[in-house]
Amino acid sequence: MNLAYIPSPSHGVQYLGPIPLRAYAFCIIIGVFVAVWFGNKRWIARGGQSGTVADIAVWAVPFGLVGGRLYHVITDYELYFSEGRDWVDAFKVWEGGLGIWGAIALGALGAWIGARRRGIPMPAYADAVAPGIAFAQAIGRWGNWFNQELYGRETHLPWALHITSSEGGRVPGYYHPTFLYESLWCVGVGLLVLWADRRFTLGHGRAFALYVAAYCVGRGWIEYMRVDDAHHILGLRLNDWTALLVFLLAVAYIVVSAKKRPGREAVVEPGDSDGPAEGAEAGAGADAGAEGEEKAAPAEKS
């Protein structure tokens, strides 16, 4: 018996009368709030307008939730469509099961739609929200703790996670708290992006690509520790191959983008470009008027 360990919650839902309040859902909601709030601060610092990040998130968040669920259901279809399973469970998001790869992919599509409607460059928006997304993932992973899911191999380390539930094929015991490892890793990824963005003035989507690449590195070794059922290809879990592929694509984007579009976007909101342009035109008109007066004065003297 371990003298020190991380206890698991006895239940992940509280009831307010007939209304269930699920900790997993609250972790996701809090994470979304943090991502939007922090992204808004970074967007304003880039010269954007307050509220733009939230307006685009109205598109990105629903798309992301649908994408995350679709990825999970497709890659773990046997949990919902095999013999003895109820396919209706595929819609029960509150019980856990959101694939980050699908969430980012469809969330990016939703953000692109929202950004296009506002006339905002998608890469600039992605750079602004990248650290906040990492912090949101760090918070969201605690939902797995409340659900007693996605833990690693058995261990007797002092920080072992004590699983007490036997539902869904779980075996009570002490396991690596991979939810905690990933949560801490995501915090580190967010801090890394913040540092790199200030140090190298990242732009044109490179801050977001750095977030993706750094997350994939951590997800790779954390995924290798997990013991939940997963599809394997050549001895590696499917998510390990996904992390490797996405990592290579993110690094390639950083290299190519830095060569083709160095520096950072000067203007991120359509309204911002109107102001300086009008001022420049006014200044040009004033200079032209002054020059005309200078030329007219000698003519009158002559």
# chains A, B, ... in the order shown; residues from 1 in each chain; ligands from 1

call {"tool": "residues_around", "arguments": {"residues": "range 71-75 of chain A", "least_positions_apart": "4", "cutoff": "9 Å", "atoms": "only C-alpha atoms", "output": "list in words"}}
result
Val66, Gly67, Leu79, Tyr80, Ala90, Gly97, Leu98, Gly99, Ile100, Trp101, Gly102, Ala103, Ala230, His231 and Leu238 of chain A

call {"tool": "select_by_dssp", "arguments": {"residues": "range 166-274 of chain A", "states": "helix (DSSP H, G or I)", "output": "PyMOL selection string"}}
result
chain A and resi 167-169+178-200+206-225+238-260+270-274

call {"tool": "residues_around", "arguments": {"residues": "Ala160 in chain A", "least_positions_apart": "6", "cutoff": "8 Å", "atoms": "only C-alpha atoms", "output": "list in words"}}
result
Ala4, Tyr5, Ile6, Tyr174, Tyr175, His176 and Pro177 of chain A

call {"tool": "write_last_selection", "arguments": {"atoms": "N, CA, C and O atoms", "output": "PDB file, in the first residue's frame"}}
result
ATOM      1  N   ALA A   4       1.872   7.527   0.237  1.00  0.00           N
ATOM      2  CA  ALA A   4       1.562   8.811  -0.403  1.00  0.00           C
ATOM      3  C   ALA A   4       1.050   8.539  -1.805  1.00  0.00           C
ATOM      4  O   ALA A   4       1.625   7.741  -2.538  1.00  0.00           O
ATOM      5  N   TYR A   5      -0.029   9.182  -2.179  1.00  0.00           N
ATOM      6  CA  TYR A   5      -0.589   9.013  -3.512  1.00  0.00           C
ATOM      7  C   TYR A   5      -1.593  10.133  -3.774  1.00  0.00           C
ATOM      8  O   TYR A   5      -1.966  10.876  -2.860  1.00  0.00           O
ATOM      9  N   ILE A   6      -1.995  10.244  -5.025  1.00  0.00           N
ATOM     10  CA  ILE A   6      -3.005  11.225  -5.403  1.00  0.00           C
ATOM     11  C   ILE A   6      -4.364  10.530  -5.363  1.00  0.00           C
ATOM     12  O   ILE A   6      -4.598   9.572  -6.102  1.00  0.00           O
ATOM     13  N   TYR A 174      -2.894   1.629  -8.253  1.00  0.00           N
ATOM     14  CA  TYR A 174      -2.081   2.848  -8.287  1.00  0.00           C
ATOM     15  C   TYR A 174      -1.389   2.952  -9.652  1.00  0.00           C
ATOM     16  O   TYR A 174      -0.678   2.035 -10.056  1.00  0.00           O
ATOM     17  N   TYR A 175      -1.602   4.074 -10.308  1.00  0.00           N
ATOM     18  CA  TYR A 175      -1.141   4.231 -11.684  1.00  0.00           C
ATOM     19  C   TYR A 175      -0.479   5.601 -11.895  1.00  0.00           C
ATOM     20  O   TYR A 175      -0.685   6.533 -11.107  1.00  0.00           O
ATOM     21  N   HIS A 176       0.283   5.699 -12.984  1.00  0.00           N
ATOM     22  CA  HIS A 176       0.871   6.982 -13.345  1.00  0.00           C
ATOM     23  C   HIS A 176      -0.252   7.983 -13.658  1.00  0.00           C
ATOM     24  O   HIS A 176      -1.149   7.675 -14.458  1.00  0.00           O
ATOM     25  N   PRO A 177      -0.224   9.175 -13.058  1.00  0.00           N
ATOM     26  CA  PRO A 177      -1.258  10.184 -13.319  1.00  0.00           C
ATOM     27  C   PRO A 177      -0.966  10.928 -14.627  1.00  0.00           C
ATOM     28  O   PRO A 177      -0.533  12.085 -14.616  1.00  0.00           O
TER      29      PRO A 177
END

call {"tool": "residues_around", "arguments": {"residues": "range 202-208 of chain A", "least_positions_apart": "3", "cutoff": "12 Å", "atoms": "only C-alpha atoms", "output": "short mmCIF file (atom, residue, chain, number, x, y, z; two decimals) with N, CA, C and O atoms, in the first residue's frame"}}
result
data_model
loop_
_atom_site.label_atom_id
_atom_site.label_comp_id
_atom_site.auth_asym_id
_atom_site.auth_seq_id
_atom_site.Cartn_x
_atom_site.Cartn_y
_atom_site.Cartn_z
N GLY A 39 -6.36 35.15 -24.64
CA GLY A 39 -6.20 35.47 -26.06
C GLY A 39 -6.62 36.90 -26.35
O GLY A 39 -5.99 37.58 -27.18
N ARG A 46 -1.46 43.18 -29.55
CA ARG A 46 -1.03 43.16 -30.95
C ARG A 46 -1.64 44.29 -31.76
O ARG A 46 -1.34 44.45 -32.95
N ILE A 104 -8.65 20.56 -32.41
CA ILE A 104 -7.84 21.62 -33.01
C ILE A 104 -8.15 21.77 -34.50
O ILE A 104 -8.25 22.89 -35.03
N ALA A 108 -10.01 25.00 -35.68
CA ALA A 108 -9.32 25.92 -36.59
C ALA A 108 -10.22 26.29 -37.77
O ALA A 108 -10.21 27.44 -38.22
N PRO A 121 -6.74 38.33 -40.46
CA PRO A 121 -5.81 37.27 -40.88
C PRO A 121 -5.79 36.13 -39.87
O PRO A 121 -5.47 36.33 -38.70
N MET A 122 -6.12 34.95 -40.32
CA MET A 122 -6.20 33.79 -39.44
C MET A 122 -4.88 33.49 -38.72
O MET A 122 -4.88 33.17 -37.53
N PRO A 123 -3.71 33.57 -39.39
CA PRO A 123 -2.46 33.30 -38.68
C PRO A 123 -2.23 34.22 -37.49
O PRO A 123 -1.74 33.78 -36.45
N ALA A 124 -2.58 35.49 -37.63
CA ALA A 124 -2.39 36.43 -36.52
C ALA A 124 -3.29 36.06 -35.35
O ALA A 124 -2.87 36.11 -34.18
N TYR A 125 -4.51 35.67 -35.65
CA TYR A 125 -5.44 35.25 -34.60
C TYR A 125 -4.93 33.99 -33.89
O TYR A 125 -4.96 33.88 -32.66
N ALA A 126 -4.44 33.03 -34.69
CA ALA A 126 -3.93 31.78 -34.12
C ALA A 126 -2.75 32.04 -33.19
O ALA A 126 -2.63 31.43 -32.12
N ASP A 127 -1.87 32.97 -33.57
CA ASP A 127 -0.73 33.31 -32.73
C ASP A 127 -1.18 33.90 -31.40
O ASP A 127 -0.58 33.64 -30.35
N ALA A 128 -2.22 34.72 -31.45
CA ALA A 128 -2.69 35.39 -30.23
C ALA A 128 -3.28 34.39 -29.23
O ALA A 128 -3.08 34.52 -28.02
N VAL A 129 -4.01 33.40 -29.73
CA VAL A 129 -4.70 32.49 -28.82
C VAL A 129 -3.89 31.24 -28.47
O VAL A 129 -4.31 30.47 -27.59
N ALA A 130 -2.74 31.03 -29.10
CA ALA A 130 -1.98 29.79 -28.90
C ALA A 130 -1.64 29.50 -27.44
O ALA A 130 -1.93 28.39 -26.95
N PRO A 131 -1.02 30.45 -26.68
CA PRO A 131 -0.71 30.12 -25.29
C PRO A 131 -1.96 29.84 -24.46
O PRO A 131 -1.96 28.95 -23.60
N GLY A 132 -3.03 30.59 -24.73
CA GLY A 132 -4.27 30.37 -23.99
C GLY A 132 -4.86 29.00 -24.23
O GLY A 132 -5.44 28.39 -23.31
N ILE A 133 -4.72 28.48 -25.45
CA ILE A 133 -5.20 27.14 -25.75
C ILE A 133 -4.42 26.11 -24.93
O ILE A 133 -4.99 25.16 -24.40
N ALA A 134 -3.12 26.31 -24.83
CA ALA A 134 -2.29 25.39 -24.03
C ALA A 134 -2.74 25.40 -22.57
O ALA A 134 -2.86 24.35 -21.93
N VAL A 189 4.23 24.35 -22.14
CA VAL A 189 4.12 24.73 -23.55
C VAL A 189 3.63 26.17 -23.68
O VAL A 189 4.16 26.96 -24.48
N GLY A 190 2.63 26.54 -22.88
CA GLY A 190 2.13 27.91 -22.92
C GLY A 190 3.20 28.91 -22.56
O GLY A 190 3.34 29.96 -23.21
N LEU A 191 3.98 28.60 -21.53
CA LEU A 191 5.07 29.50 -21.11
C LEU A 191 6.16 29.57 -22.18
O LEU A 191 6.74 30.64 -22.42
N LEU A 192 6.44 28.45 -22.82
CA LEU A 192 7.44 28.42 -23.89
C LEU A 192 7.03 29.33 -25.04
O LEU A 192 7.85 30.09 -25.57
N VAL A 193 5.77 29.25 -25.44
CA VAL A 193 5.28 30.08 -26.55
C VAL A 193 5.35 31.56 -26.18
O VAL A 193 5.75 32.40 -27.00
N LEU A 194 5.00 31.88 -24.95
CA LEU A 194 5.06 33.28 -24.51
C LEU A 194 6.50 33.80 -24.57
O LEU A 194 6.76 34.91 -25.04
N TRP A 195 7.43 32.98 -24.09
CA TRP A 195 8.85 33.40 -24.10
C TRP A 195 9.36 33.54 -25.53
O TRP A 195 9.99 34.55 -25.87
N ALA A 196 9.09 32.54 -26.36
CA ALA A 196 9.59 32.58 -27.74
C ALA A 196 8.98 33.73 -28.52
O ALA A 196 9.64 34.36 -29.35
N ASP A 197 7.71 34.01 -28.26
CA ASP A 197 7.03 35.09 -28.97
C ASP A 197 7.67 36.44 -28.64
O ASP A 197 7.83 37.30 -29.50
N ARG A 198 8.04 36.63 -27.38
CA ARG A 198 8.69 37.88 -26.99
C ARG A 198 10.14 37.93 -27.46
O ARG A 198 10.63 38.99 -27.86
N ARG A 199 10.80 36.80 -27.43
CA ARG A 199 12.23 36.76 -27.78
C ARG A 199 12.44 36.89 -29.28
O ARG A 199 13.38 37.58 -29.72
N TYR A 211 3.41 26.07 -30.58
CA TYR A 211 2.54 25.42 -29.58
C TYR A 211 2.21 23.99 -30.02
O TYR A 211 2.29 23.05 -29.21
N VAL A 212 1.85 23.82 -31.27
CA VAL A 212 1.49 22.49 -31.78
C VAL A 212 2.67 21.53 -31.69
O VAL A 212 2.54 20.40 -31.21
N ALA A 213 3.84 21.99 -32.13
CA ALA A 213 5.02 21.13 -32.13
C ALA A 213 5.41 20.74 -30.70
O ALA A 213 5.71 19.56 -30.43
N ALA A 214 5.43 21.70 -29.80
CA ALA A 214 5.82 21.43 -28.41
C ALA A 214 4.82 20.50 -27.74
O ALA A 214 5.20 19.60 -26.97
N TYR A 215 3.55 20.71 -28.01
CA TYR A 215 2.54 19.83 -27.41
C TYR A 215 2.72 18.39 -27.89
O TYR A 215 2.60 17.44 -27.12
N LEU A 249 4.78 18.37 -39.45
CA LEU A 249 4.09 19.40 -40.22
C LEU A 249 4.26 20.78 -39.57
O LEU A 249 4.48 21.78 -40.27
N ALA A 250 4.18 20.83 -38.25
CA ALA A 250 4.32 22.11 -37.54
C ALA A 250 5.73 22.67 -37.70
O ALA A 250 5.92 23.87 -37.94
N VAL A 251 6.74 21.81 -37.58
CA VAL A 251 8.12 22.26 -37.72
C VAL A 251 8.37 22.73 -39.16
O VAL A 251 9.02 23.77 -39.38
N ALA A 252 7.85 21.98 -40.13
CA ALA A 252 8.01 22.39 -41.53
C ALA A 252 7.37 23.74 -41.78
O ALA A 252 7.93 24.59 -42.50
N TYR A 253 6.22 23.98 -41.18
CA TYR A 253 5.54 25.27 -41.34
C TYR A 253 6.39 26.41 -40.77
O TYR A 253 6.50 27.48 -41.38
N ILE A 254 6.97 26.18 -39.60
CA ILE A 254 7.80 27.22 -38.98
C ILE A 254 8.97 27.58 -39.89
O ILE A 254 9.27 28.76 -40.11
N VAL A 255 9.65 26.58 -40.44
CA VAL A 255 10.82 26.81 -41.28
C VAL A 255 10.43 27.54 -42.57
O VAL A 255 11.03 28.55 -42.94
N VAL A 256 9.41 27.03 -43.25
CA VAL A 256 9.00 27.62 -44.53
C VAL A 256 8.43 29.02 -44.32
O VAL A 256 8.75 29.96 -45.07
N SER A 257 7.61 29.19 -43.30
CA SER A 257 7.00 30.49 -43.04
C SER A 257 8.03 31.54 -42.69
O SER A 257 7.95 32.69 -43.12
N ALA A 258 9.04 31.15 -41.91
CA ALA A 258 10.08 32.11 -41.52
C ALA A 258 10.86 32.62 -42.73
O ALA A 258 11.32 33.77 -42.75
N LYS A 259 11.01 31.75 -43.75
CA LYS A 259 11.74 32.16 -44.94
C LYS A 259 10.88 33.02 -45.87
O LYS A 259 11.35 34.00 -46.43
N LYS A 260 9.62 32.62 -46.02
CA LYS A 260 8.76 33.32 -46.97
C LYS A 260 8.15 34.61 -46.38
O LYS A 260 7.96 35.59 -47.11
N ARG A 261 7.83 34.58 -45.11
CA ARG A 261 7.17 35.74 -44.50
C ARG A 261 7.80 36.04 -43.15
O ARG A 261 7.21 35.79 -42.10
N PRO A 262 9.01 36.56 -43.14
CA PRO A 262 9.67 36.89 -41.87
C PRO A 262 8.96 38.03 -41.16
O PRO A 262 8.19 38.78 -41.76
N GLY A 263 9.25 38.16 -39.87
CA GLY A 263 8.66 39.26 -39.11
C GLY A 263 7.26 38.94 -38.64
O GLY A 263 6.83 37.79 -38.60
N ARG A 264 6.53 39.99 -38.31
CA ARG A 264 5.19 39.85 -37.77
C ARG A 264 4.23 40.79 -38.49
O ARG A 264 4.63 41.84 -39.00
N GLU A 265 2.94 40.45 -38.52
CA GLU A 265 1.94 41.29 -39.16
C GLU A 265 1.90 42.67 -38.51
O GLU A 265 1.85 42.79 -37.28
N ALA A 266 1.93 43.71 -39.33
CA ALA A 266 1.86 45.09 -38.81
C ALA A 266 0.44 45.46 -38.42
O ALA A 266 0.22 46.24 -37.49
N VAL A 267 -0.55 44.91 -39.14
CA VAL A 267 -1.95 45.23 -38.89
C VAL A 267 -2.73 43.93 -38.73
O VAL A 267 -2.58 43.00 -39.52
N VAL A 268 -3.55 43.84 -37.68
CA VAL A 268 -4.31 42.62 -37.42
C VAL A 268 -5.81 42.83 -37.50
O VAL A 268 -6.57 41.86 -37.58
#

call {"tool": "closest_residue", "arguments": {"among": "A:Ile120, A:Leu244, A:Gly140, A:Ala209", "to": "Thr52 in chain A", "atoms": "only C-alpha atoms"}}
result
A:Ile120

call {"tool": "residues_around", "arguments": {"residues": "Arg153 in chain A", "least_positions_apart": "6", "cutoff": "12 Å", "atoms": "only C-alpha atoms", "output": "PyMOL selection string"}}
result
chain A and resi 160-163+171+173-178+222-228

call {"tool": "atom_distance", "arguments": {"atom1": "CA of Phe247 in chain A", "atom2": "CA of Gly218 in chain A"}}
result
10.6 Å

call {"tool": "residues_around", "arguments": {"residues": "Ser165 in chain A", "least_positions_apart": "5", "cutoff": "9 Å", "atoms": "only C-alpha atoms", "output": "PyMOL selection string"}}
result
chain A and resi 8+10+148+170-172

call {"tool": "atom_distance", "arguments": {"atom1": "CA of Leu109 in chain A", "atom2": "CA of Gly64 in chain A"}}
result
8.5 Å

call {"tool": "select_by_dssp", "arguments": {"residues": "range 16-123 of chain A", "states": "strand (DSSP E or B)", "output": "list in words"}}
result
Leu16, Ile19, Pro20, Leu21 and Arg22 of chain A

call {"tool": "atom_distance", "arguments": {"atom1": "CA of Gly114 in chain A", "atom2": "CA of Asp55 in chain A"}}
result
7.4 Å

call {"tool": "residues_around", "arguments": {"residues": "Tyr24 in chain A", "least_positions_apart": "4", "cutoff": "10 Å", "atoms": "only C-alpha atoms", "output": "list in words"}}
result
Gly12, Val13, Ile28, Ile29, Val93, Trp94, Glu95, Gly96, Gly140, Arg141, Trp142, Gly143, Asn144, Trp145, Phe146 and Asn147 of chain A

call {"tool": "write_last_selection", "arguments": {"atoms": "C-alpha atoms", "output": "PDB file, in the first residue's frame"}}
result
ATOM      1  CA  GLY A  12     -17.452  13.555 -10.754  1.00  0.00           C
ATOM      2  CA  VAL A  13     -21.004  14.868 -10.649  1.00  0.00           C
ATOM      3  CA  ILE A  28     -13.805  22.363 -20.258  1.00  0.00           C
ATOM      4  CA  ILE A  29     -15.834  25.548 -19.703  1.00  0.00           C
ATOM      5  CA  VAL A  93     -19.764  14.099 -24.212  1.00  0.00           C
ATOM      6  CA  TRP A  94     -20.070  14.691 -20.469  1.00  0.00           C
ATOM      7  CA  GLU A  95     -18.804  11.159 -19.811  1.00  0.00           C
ATOM      8  CA  GLY A  96     -15.443  12.090 -21.339  1.00  0.00           C
ATOM      9  CA  GLY A 140      -9.363  20.558 -19.181  1.00  0.00           C
ATOM     10  CA  ARG A 141      -7.178  17.542 -18.361  1.00  0.00           C
ATOM     11  CA  TRP A 142      -8.380  17.710 -14.761  1.00  0.00           C
ATOM     12  CA  GLY A 143     -11.757  16.578 -16.051  1.00  0.00           C
ATOM     13  CA  ASN A 144     -10.116  13.181 -16.671  1.00  0.00           C
ATOM     14  CA  TRP A 145      -9.138  13.103 -12.998  1.00  0.00           C
ATOM     15  CA  PHE A 146     -12.750  13.543 -11.927  1.00  0.00           C
ATOM     16  CA  ASN A 147     -13.806  10.766 -14.333  1.00  0.00           C
TER      17      ASN A 147
END

call {"tool": "closest_residue", "arguments": {"among": "A:Lys41, A:His156, A:Lys92, A:Arg219", "to": "Cys186 in chain A", "atoms": "only C-alpha atoms"}}
result
A:Arg219
